[in-house]
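Here is protein.cif, consisting of mmCIF, C-alpha atoms:
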```cif
data_my_file
loop_
_atom_site.label_atom_id
_atom_site.label_comp_id
_atom_site.auth_asym_id
_atom_site.auth_seq_id
_atom_site.Cartn_x
_atom_site.Cartn_y
_atom_site.Cartn_z
CA MET A 1 72.83 -38.98 -1.13
CA GLU A 2 73.33 -36.38 -3.81
CA LYS A 3 75.61 -35.13 -6.57
CA ARG A 4 76.20 -31.48 -7.42
CA ILE A 5 77.56 -30.14 -10.69
CA THR A 6 77.66 -26.72 -12.31
CA MET A 7 76.81 -27.36 -15.97
CA ARG A 8 79.05 -25.76 -18.58
CA GLN A 9 78.86 -25.71 -22.38
CA ASP A 10 82.16 -27.58 -22.61
CA MET A 11 80.61 -30.40 -20.55
CA ILE A 12 77.66 -30.53 -22.97
CA ASP A 13 80.12 -30.57 -25.87
CA GLN A 14 82.15 -33.36 -24.25
CA TYR A 15 79.04 -35.47 -23.74
CA GLY A 16 78.03 -34.74 -27.34
CA ARG A 17 81.36 -36.06 -28.63
CA ILE A 18 80.96 -39.45 -26.97
CA ASN A 19 77.23 -39.47 -27.70
CA GLY A 20 77.92 -38.87 -31.37
CA ASP A 21 74.95 -36.60 -31.99
CA ASN A 22 74.68 -33.43 -34.03
CA ASP A 23 71.46 -32.01 -32.62
CA ILE A 24 72.01 -28.27 -32.61
CA VAL A 25 69.66 -27.73 -29.69
CA HIS A 26 72.67 -28.78 -27.59
CA TYR A 27 75.22 -26.56 -29.32
CA ASP A 28 73.55 -23.54 -30.95
CA ALA A 29 72.32 -21.08 -28.34
CA ALA A 30 70.46 -18.92 -30.87
CA TYR A 31 68.56 -21.95 -32.19
CA ALA A 32 67.76 -23.16 -28.67
CA LYS A 33 66.47 -19.73 -27.65
CA ALA A 34 64.40 -19.51 -30.83
CA ARG A 35 62.71 -22.74 -29.70
CA GLY A 36 61.88 -21.09 -26.37
CA PHE A 37 64.63 -22.49 -24.15
CA ARG A 38 66.86 -20.41 -21.87
CA GLY A 39 69.93 -21.61 -23.74
CA THR A 40 71.47 -24.76 -25.13
CA LEU A 41 70.26 -27.95 -23.48
CA ALA A 42 72.35 -30.47 -21.61
CA HIS A 43 71.52 -33.96 -22.84
CA GLY A 44 68.86 -35.54 -20.67
CA LEU A 45 70.84 -38.75 -20.41
CA HIS A 46 73.81 -36.74 -19.18
CA VAL A 47 71.73 -35.61 -16.22
CA THR A 48 70.34 -39.13 -15.76
CA ALA A 49 73.95 -40.33 -15.43
CA TYR A 50 74.30 -38.20 -12.31
CA ALA A 51 71.28 -39.88 -10.75
CA ALA A 52 72.55 -43.31 -11.80
CA GLU A 53 75.84 -42.63 -10.04
CA VAL A 54 74.06 -41.66 -6.84
CA ALA A 55 72.10 -44.92 -7.16
CA ALA A 56 75.26 -46.96 -7.74
CA ARG A 57 76.81 -45.38 -4.65
CA THR A 58 73.67 -46.15 -2.66
CA TYR A 59 73.02 -49.72 -3.76
CA GLY A 60 76.60 -50.93 -4.31
CA ALA A 61 77.41 -54.00 -6.42
CA SER A 62 73.75 -54.99 -6.65
CA TRP A 63 73.16 -51.95 -8.83
CA PHE A 64 75.13 -53.52 -11.68
CA THR A 65 73.23 -56.81 -11.66
CA GLY A 66 69.73 -55.64 -10.84
CA GLY A 67 69.34 -51.88 -10.85
CA ARG A 68 66.48 -49.98 -12.42
CA ILE A 69 66.43 -46.26 -13.10
CA ALA A 70 63.54 -44.33 -14.57
CA THR A 71 63.81 -40.62 -15.23
CA LYS A 72 61.61 -38.01 -16.85
CA TRP A 73 63.14 -34.74 -17.96
CA ILE A 74 60.68 -31.99 -17.14
CA ALA A 75 62.75 -28.84 -17.63
CA PRO A 76 66.03 -27.95 -19.30
CA VAL A 77 69.48 -27.87 -17.80
CA CYS A 78 71.48 -25.09 -19.44
CA PRO A 79 75.05 -23.80 -19.15
CA GLY A 80 75.60 -22.02 -15.85
CA ASP A 81 72.95 -24.02 -14.01
CA ASP A 82 73.87 -25.46 -10.62
CA VAL A 83 72.52 -29.02 -10.78
CA ARG A 84 71.69 -30.93 -7.61
CA VAL A 85 70.59 -34.55 -7.99
CA SER A 86 69.42 -36.45 -4.94
CA LEU A 87 68.07 -39.91 -4.21
CA GLY A 88 65.67 -40.31 -1.32
CA ALA A 89 65.47 -43.28 0.99
CA ASP A 90 62.31 -44.33 -0.89
CA GLY A 91 64.17 -44.38 -4.23
CA ALA A 92 62.76 -41.09 -5.49
CA ILE A 93 65.06 -39.06 -7.72
CA ASP A 94 64.88 -35.30 -7.47
CA ALA A 95 67.04 -33.15 -9.73
CA ARG A 96 66.92 -29.38 -9.50
CA VAL A 97 68.59 -26.29 -10.86
CA GLN A 98 68.41 -23.11 -8.83
CA GLY A 99 65.73 -24.81 -6.75
CA GLY A 100 63.42 -25.68 -9.63
CA PRO A 101 62.78 -29.30 -10.65
CA VAL A 102 64.34 -30.49 -13.92
CA MET A 103 64.15 -34.27 -13.62
CA VAL A 104 62.12 -36.70 -11.56
CA GLY A 105 62.10 -40.47 -11.34
CA ARG A 106 63.05 -43.52 -9.36
CA ALA A 107 66.12 -45.68 -8.83
CA GLU A 108 65.70 -49.02 -7.15
CA LEU A 109 66.80 -52.63 -7.18
CA LEU A 110 64.77 -55.08 -9.24
CA LYS A 111 62.58 -57.43 -7.26
CA ARG A 112 63.48 -61.06 -8.00
CA MET B 1 86.25 -50.22 -30.63
CA THR B 2 82.95 -48.75 -31.72
CA ARG B 3 82.36 -45.05 -31.26
CA PRO B 4 78.66 -44.19 -31.14
CA SER B 5 79.17 -41.81 -34.07
CA GLU B 6 80.27 -44.79 -36.19
CA VAL B 7 76.91 -46.52 -35.84
CA LYS B 8 74.54 -43.62 -35.20
CA PRO B 9 73.11 -41.54 -38.06
CA ARG B 10 73.59 -37.90 -37.14
CA GLU B 11 71.03 -35.15 -37.44
CA GLY B 12 71.38 -33.62 -40.88
CA SER B 13 73.22 -36.59 -42.38
CA ALA B 14 70.06 -37.85 -44.07
CA PRO B 15 66.53 -36.54 -44.57
CA GLY B 16 65.01 -36.63 -41.08
CA THR B 17 62.00 -38.71 -40.11
CA PRO B 18 58.74 -36.87 -39.36
CA TYR B 19 56.37 -38.17 -36.70
CA ALA B 20 53.93 -39.60 -39.22
CA THR B 21 56.54 -41.97 -40.66
CA TYR B 22 57.15 -43.97 -37.47
CA VAL B 23 55.17 -47.20 -37.47
CA VAL B 24 54.17 -48.81 -34.18
CA GLY B 25 55.30 -52.43 -34.01
CA THR B 26 58.28 -51.97 -36.29
CA GLU B 27 61.18 -54.23 -35.30
CA LEU B 28 64.45 -52.31 -35.35
CA PRO B 29 67.32 -53.94 -37.24
CA GLU B 30 69.83 -55.64 -34.97
CA LEU B 31 72.81 -53.47 -34.07
CA ARG B 32 76.22 -54.79 -33.01
CA PHE B 33 78.87 -52.68 -31.34
CA THR B 34 81.79 -53.07 -28.97
CA VAL B 35 82.19 -51.26 -25.67
CA THR B 36 85.90 -50.90 -25.01
CA PRO B 37 87.87 -49.69 -22.00
CA ALA B 38 88.58 -46.48 -23.94
CA ILE B 39 84.88 -45.84 -24.51
CA VAL B 40 84.15 -46.46 -20.83
CA GLU B 41 86.91 -44.07 -19.80
CA GLU B 42 85.71 -41.36 -22.19
CA TYR B 43 82.11 -41.83 -21.08
CA MET B 44 83.02 -41.59 -17.41
CA ALA B 45 84.90 -38.35 -18.07
CA ALA B 46 81.93 -36.96 -19.99
CA VAL B 47 79.49 -37.57 -17.13
CA GLN B 48 81.88 -36.38 -14.44
CA ALA B 49 81.86 -39.87 -12.90
CA ASP B 50 83.56 -40.73 -9.62
CA PRO B 51 85.75 -43.79 -10.39
CA SER B 52 85.55 -44.98 -6.80
CA VAL B 53 81.89 -45.90 -7.35
CA TYR B 54 82.60 -48.22 -10.26
CA ARG B 55 84.26 -51.28 -8.75
CA ILE B 56 82.96 -54.73 -7.87
CA ASP B 57 85.25 -56.69 -5.56
CA GLY B 58 88.12 -54.50 -6.73
CA ARG B 59 87.47 -54.94 -10.45
CA LYS B 60 86.64 -51.88 -12.56
CA VAL B 61 83.11 -51.88 -13.94
CA ALA B 62 81.47 -49.49 -16.37
CA PRO B 63 78.50 -47.34 -15.45
CA PRO B 64 75.60 -49.41 -16.88
CA ASN B 65 74.35 -46.26 -18.59
CA VAL B 66 77.40 -46.24 -20.86
CA LEU B 67 74.96 -48.02 -23.18
CA CYS B 68 72.95 -44.80 -23.36
CA VAL B 69 75.41 -43.20 -25.76
CA PHE B 70 74.66 -46.03 -28.18
CA MET B 71 70.94 -46.01 -27.40
CA THR B 72 69.45 -44.01 -30.23
CA ALA B 73 71.69 -45.64 -32.85
CA LEU B 74 69.23 -48.54 -32.86
CA ILE B 75 66.19 -46.47 -33.78
CA TYR B 76 67.97 -43.76 -35.78
CA ARG B 77 69.36 -46.37 -38.19
CA LYS B 78 65.77 -47.25 -39.05
CA TYR B 79 64.39 -43.73 -38.70
CA PRO B 80 67.08 -41.07 -39.29
CA PRO B 81 66.62 -38.18 -36.85
CA ILE B 82 65.41 -34.71 -37.67
CA GLN B 83 66.84 -31.71 -35.86
CA GLY B 84 65.23 -30.80 -32.58
CA ILE B 85 64.40 -34.20 -31.08
CA VAL B 86 64.18 -33.83 -27.30
CA MET B 87 64.41 -36.80 -24.95
CA TYR B 88 61.42 -37.10 -22.63
CA GLU B 89 61.93 -40.15 -20.41
CA ILE B 90 63.86 -43.40 -19.99
CA ASP B 91 63.36 -46.54 -17.93
CA MET B 92 66.44 -48.77 -17.84
CA GLU B 93 67.19 -52.07 -16.12
CA SER B 94 70.73 -53.39 -15.67
CA HIS B 95 71.10 -57.16 -15.44
CA ASN B 96 74.82 -57.89 -15.76
CA PRO B 97 77.98 -55.81 -15.46
CA ILE B 98 79.92 -54.36 -18.35
CA TRP B 99 83.52 -54.68 -17.23
CA ALA B 100 85.70 -51.65 -17.78
CA ASP B 101 88.89 -53.63 -18.32
CA GLU B 102 87.80 -55.72 -21.29
CA GLU B 103 85.99 -55.37 -24.60
CA THR B 104 82.31 -56.23 -24.58
CA ASP B 105 80.57 -57.16 -27.81
CA VAL B 106 76.96 -56.05 -27.61
CA VAL B 107 73.95 -57.04 -29.69
CA ALA B 108 71.04 -54.60 -29.51
CA THR B 109 67.48 -55.28 -30.65
CA GLY B 110 64.26 -53.36 -30.21
CA ARG B 111 60.93 -52.16 -31.52
CA VAL B 112 58.69 -49.12 -31.75
CA THR B 113 56.02 -49.59 -29.10
CA GLY B 114 53.83 -46.52 -29.44
CA LYS B 115 53.14 -43.00 -30.64
CA SER B 116 51.26 -40.32 -28.76
CA GLU B 117 50.28 -36.66 -28.85
CA LYS B 118 49.94 -34.49 -25.78
CA ARG B 119 49.15 -30.78 -25.86
CA GLY B 120 50.39 -30.47 -29.41
CA ARG B 121 53.64 -32.34 -28.79
CA TYR B 122 54.36 -35.61 -30.55
CA PHE B 123 56.08 -38.55 -28.87
CA ILE B 124 57.69 -41.80 -30.01
CA HIS B 125 57.85 -44.72 -27.56
CA TRP B 126 60.26 -47.59 -28.15
CA GLU B 127 62.18 -50.28 -26.29
CA ALA B 128 65.51 -52.03 -26.62
CA GLU B 129 67.39 -55.00 -25.25
CA TYR B 130 71.16 -55.31 -25.02
CA ARG B 131 72.92 -58.69 -24.81
CA ARG B 132 76.49 -59.85 -24.92
CA GLY B 133 77.52 -61.82 -27.98
CA ASP B 134 76.98 -65.02 -25.97
CA GLY B 135 73.37 -64.04 -25.25
CA THR B 136 73.83 -62.83 -21.68
CA LEU B 137 71.32 -60.07 -20.95
CA LEU B 138 73.01 -56.78 -20.10
CA ALA B 139 70.17 -54.29 -20.05
CA ARG B 140 66.66 -53.43 -21.14
CA LEU B 141 65.32 -49.95 -21.65
CA ARG B 142 62.25 -48.07 -22.70
CA ASN B 143 62.59 -44.57 -24.08
CA THR B 144 60.27 -41.78 -25.16
CA PHE B 145 61.32 -38.79 -27.19
CA ASN B 146 59.57 -35.74 -28.60
CA VAL B 147 59.68 -35.19 -32.35
CA PRO B 148 59.12 -31.55 -33.34
CA GLU B 149 56.42 -31.05 -35.95
#
```
What would you get if you wrote out this structure as structure tokens?
Amino acid sequence: MEKRITMRQDMIDQYGRINGDNDIVHYDAAYAKARGFRGTLAHGLHVTAYAAEVAARTYGASWFTGGRIATKWIAPVCPGDDVRVSLGADGAIDARVQGGPVMVGRAELLKR
Amino acid sequence: MTRPSEVKPREGSAPGTPYATYVVGTELPELRFTVTPAIVEEYMAAVQADPSVYRIDGRKVAPPNVLCVFMTALIYRKYPPIQGIVMYEIDMESHNPIWADEETDVVATGRVTGKSEKRGRYFIHWEAEYRRGDGTLLARLRNTFNVPE
């Protein structure tokens, strides 16, 4: 299963409003580029939410009472990026933009 | 209703915390907040969520990761953030649902678990636990973020 989104600055802004942060790396393109990024950064936890939704769709109700998601953000997601987040049958998360990896991890049910 | 911005110190609102100031083992002061249906709805819109995924036996349930927008409030209240913090990784377990049609009072606790340096980048490791007001465990998470030096 997978989820596809084209990231836009207004989506980053919307996440920032509910997240309540004021970190300009998400909102100031000049600052972000000065730090060596391609542009402003989508929040990592915004991208994780896409993977969590794929996991919830995969595991159903059990996800809400015993789901575990671990993600590592390895490259930025910037405005204009086409994001594809997939969950393999083995629980591996693979998130890419334009074919390059941006987030890896696992989503699985807790063993009890 | 608690908006994350009501409980989370924002970058620039106070002198930020440099890497050297974080102390491993520090217990983070307890944080209480309320997740409301309005917060769940706003969060779901912000992460482009598909509502059809978030139902259990017909009842609306929140994405467990709605707690993530409150996450850093716990550590930032102890250590106000400097500009340029970048999230590195998260490991989150969900143990009980947060219903989307009712208010959920949440009590968050946590501690700083480690500090590390890798190729000139500085990382803070910490963990948190989220329980309902009655003690029911909702979620546990471990998070690492990069503090610019």
Give me the residues within 12 Å of B:Ala46 as an MDAnalysis selection string, counting only C-alpha atoms and dropping any in the same chain fewer than 3 places off.
(chainID A and resid 7:19 42:43 45:47 49:50) or (chainID B and resid 39:43 49:50 63 66 69)
If the cut-off is 6 Å, can you tell me the residues of chain B near chain A, counting all atoms listed in the file? I'd like them as a list in words.
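Residues satisfying the distance criterion: Pro4, Ser5, Arg10, Glu11, Ala46, Val53, Ile56, Val69, Gln83, Tyr88, Glu89, Ile90, Asp91, Met92, Glu93, Ser94, His95, Asn96 and Pro97 of chain B.
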Do a neighbour search on stretch 15-25 of chain B at 9 Å with only C-alpha atoms, toss out local chain neighbours closer than 3 positions, and write the hits as a list in words.
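Selected residues are Glu11, Gly12, Tyr76, Tyr79, Pro80, Pro81, Ile82, Gln83, Arg111, Val112, Thr113, Gly114, Lys115, Tyr122, Phe123, Ile124, His125, Trp126, Val147, Pro148 and Glu149 of chain B.
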Extract, using all atoms listed in the file, all DNA, RNA and protein residues at most 9 Å from A:Asp28, discarding same-chain residues fewer than 5 positions from it, and format them as a VMD selection string.
chain A and resid 23 33 39 to 40
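Reported to one decimal place, the separation of atom CA of A:Thr6 from atom CA of A:Arg84 is 8.7 Å.
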Calculated over only C-alpha atoms, which of the candidates B:Met44, B:Thr26, B:Lys60, B:Thr136 has the smallest distance to B:Glu102?
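Checking each candidate against B:Glu102, we get B:Lys60 as the closest.
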Can you pull out the residues contacting B:Ala108? Cut-off 6 Å, using only C-alpha atoms, and skip same-chain residues under 2 positions away; I want them as JSON, numbers by chain.
{"B": [30, 31, 129, 130]}
Using all atoms listed in the file, which of A:Cys78, A:Ala51, A:Ala29, A:Ala34 sits nearest A:Ala95?
A:Ala51
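Atom CA of B:Arg140 is found 5.8 Å from atom CA of B:Ala128.
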Contact residues around B:Asp105 with all atoms listed in the file at 12 Å, ignoring same-chain residues under 5 positions, as a list in words
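Contacts, in chain order: Met1, Thr2, Leu31, Arg32, Phe33, Thr34, Val35, Thr36, Pro37, Leu67, Ile98, Trp99, Tyr130, Arg131, Arg132, Gly133, Asp134, Gly135, Thr136, Leu137 and Leu138 of chain B.
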At what distance in Å, to one decimal, does atom CA of B:Tyr54 lie from atom CA of B:Leu74?
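Straight-line distance from atom CA of B:Leu74 to atom CA of B:Tyr54 works out to 26.3 Å.
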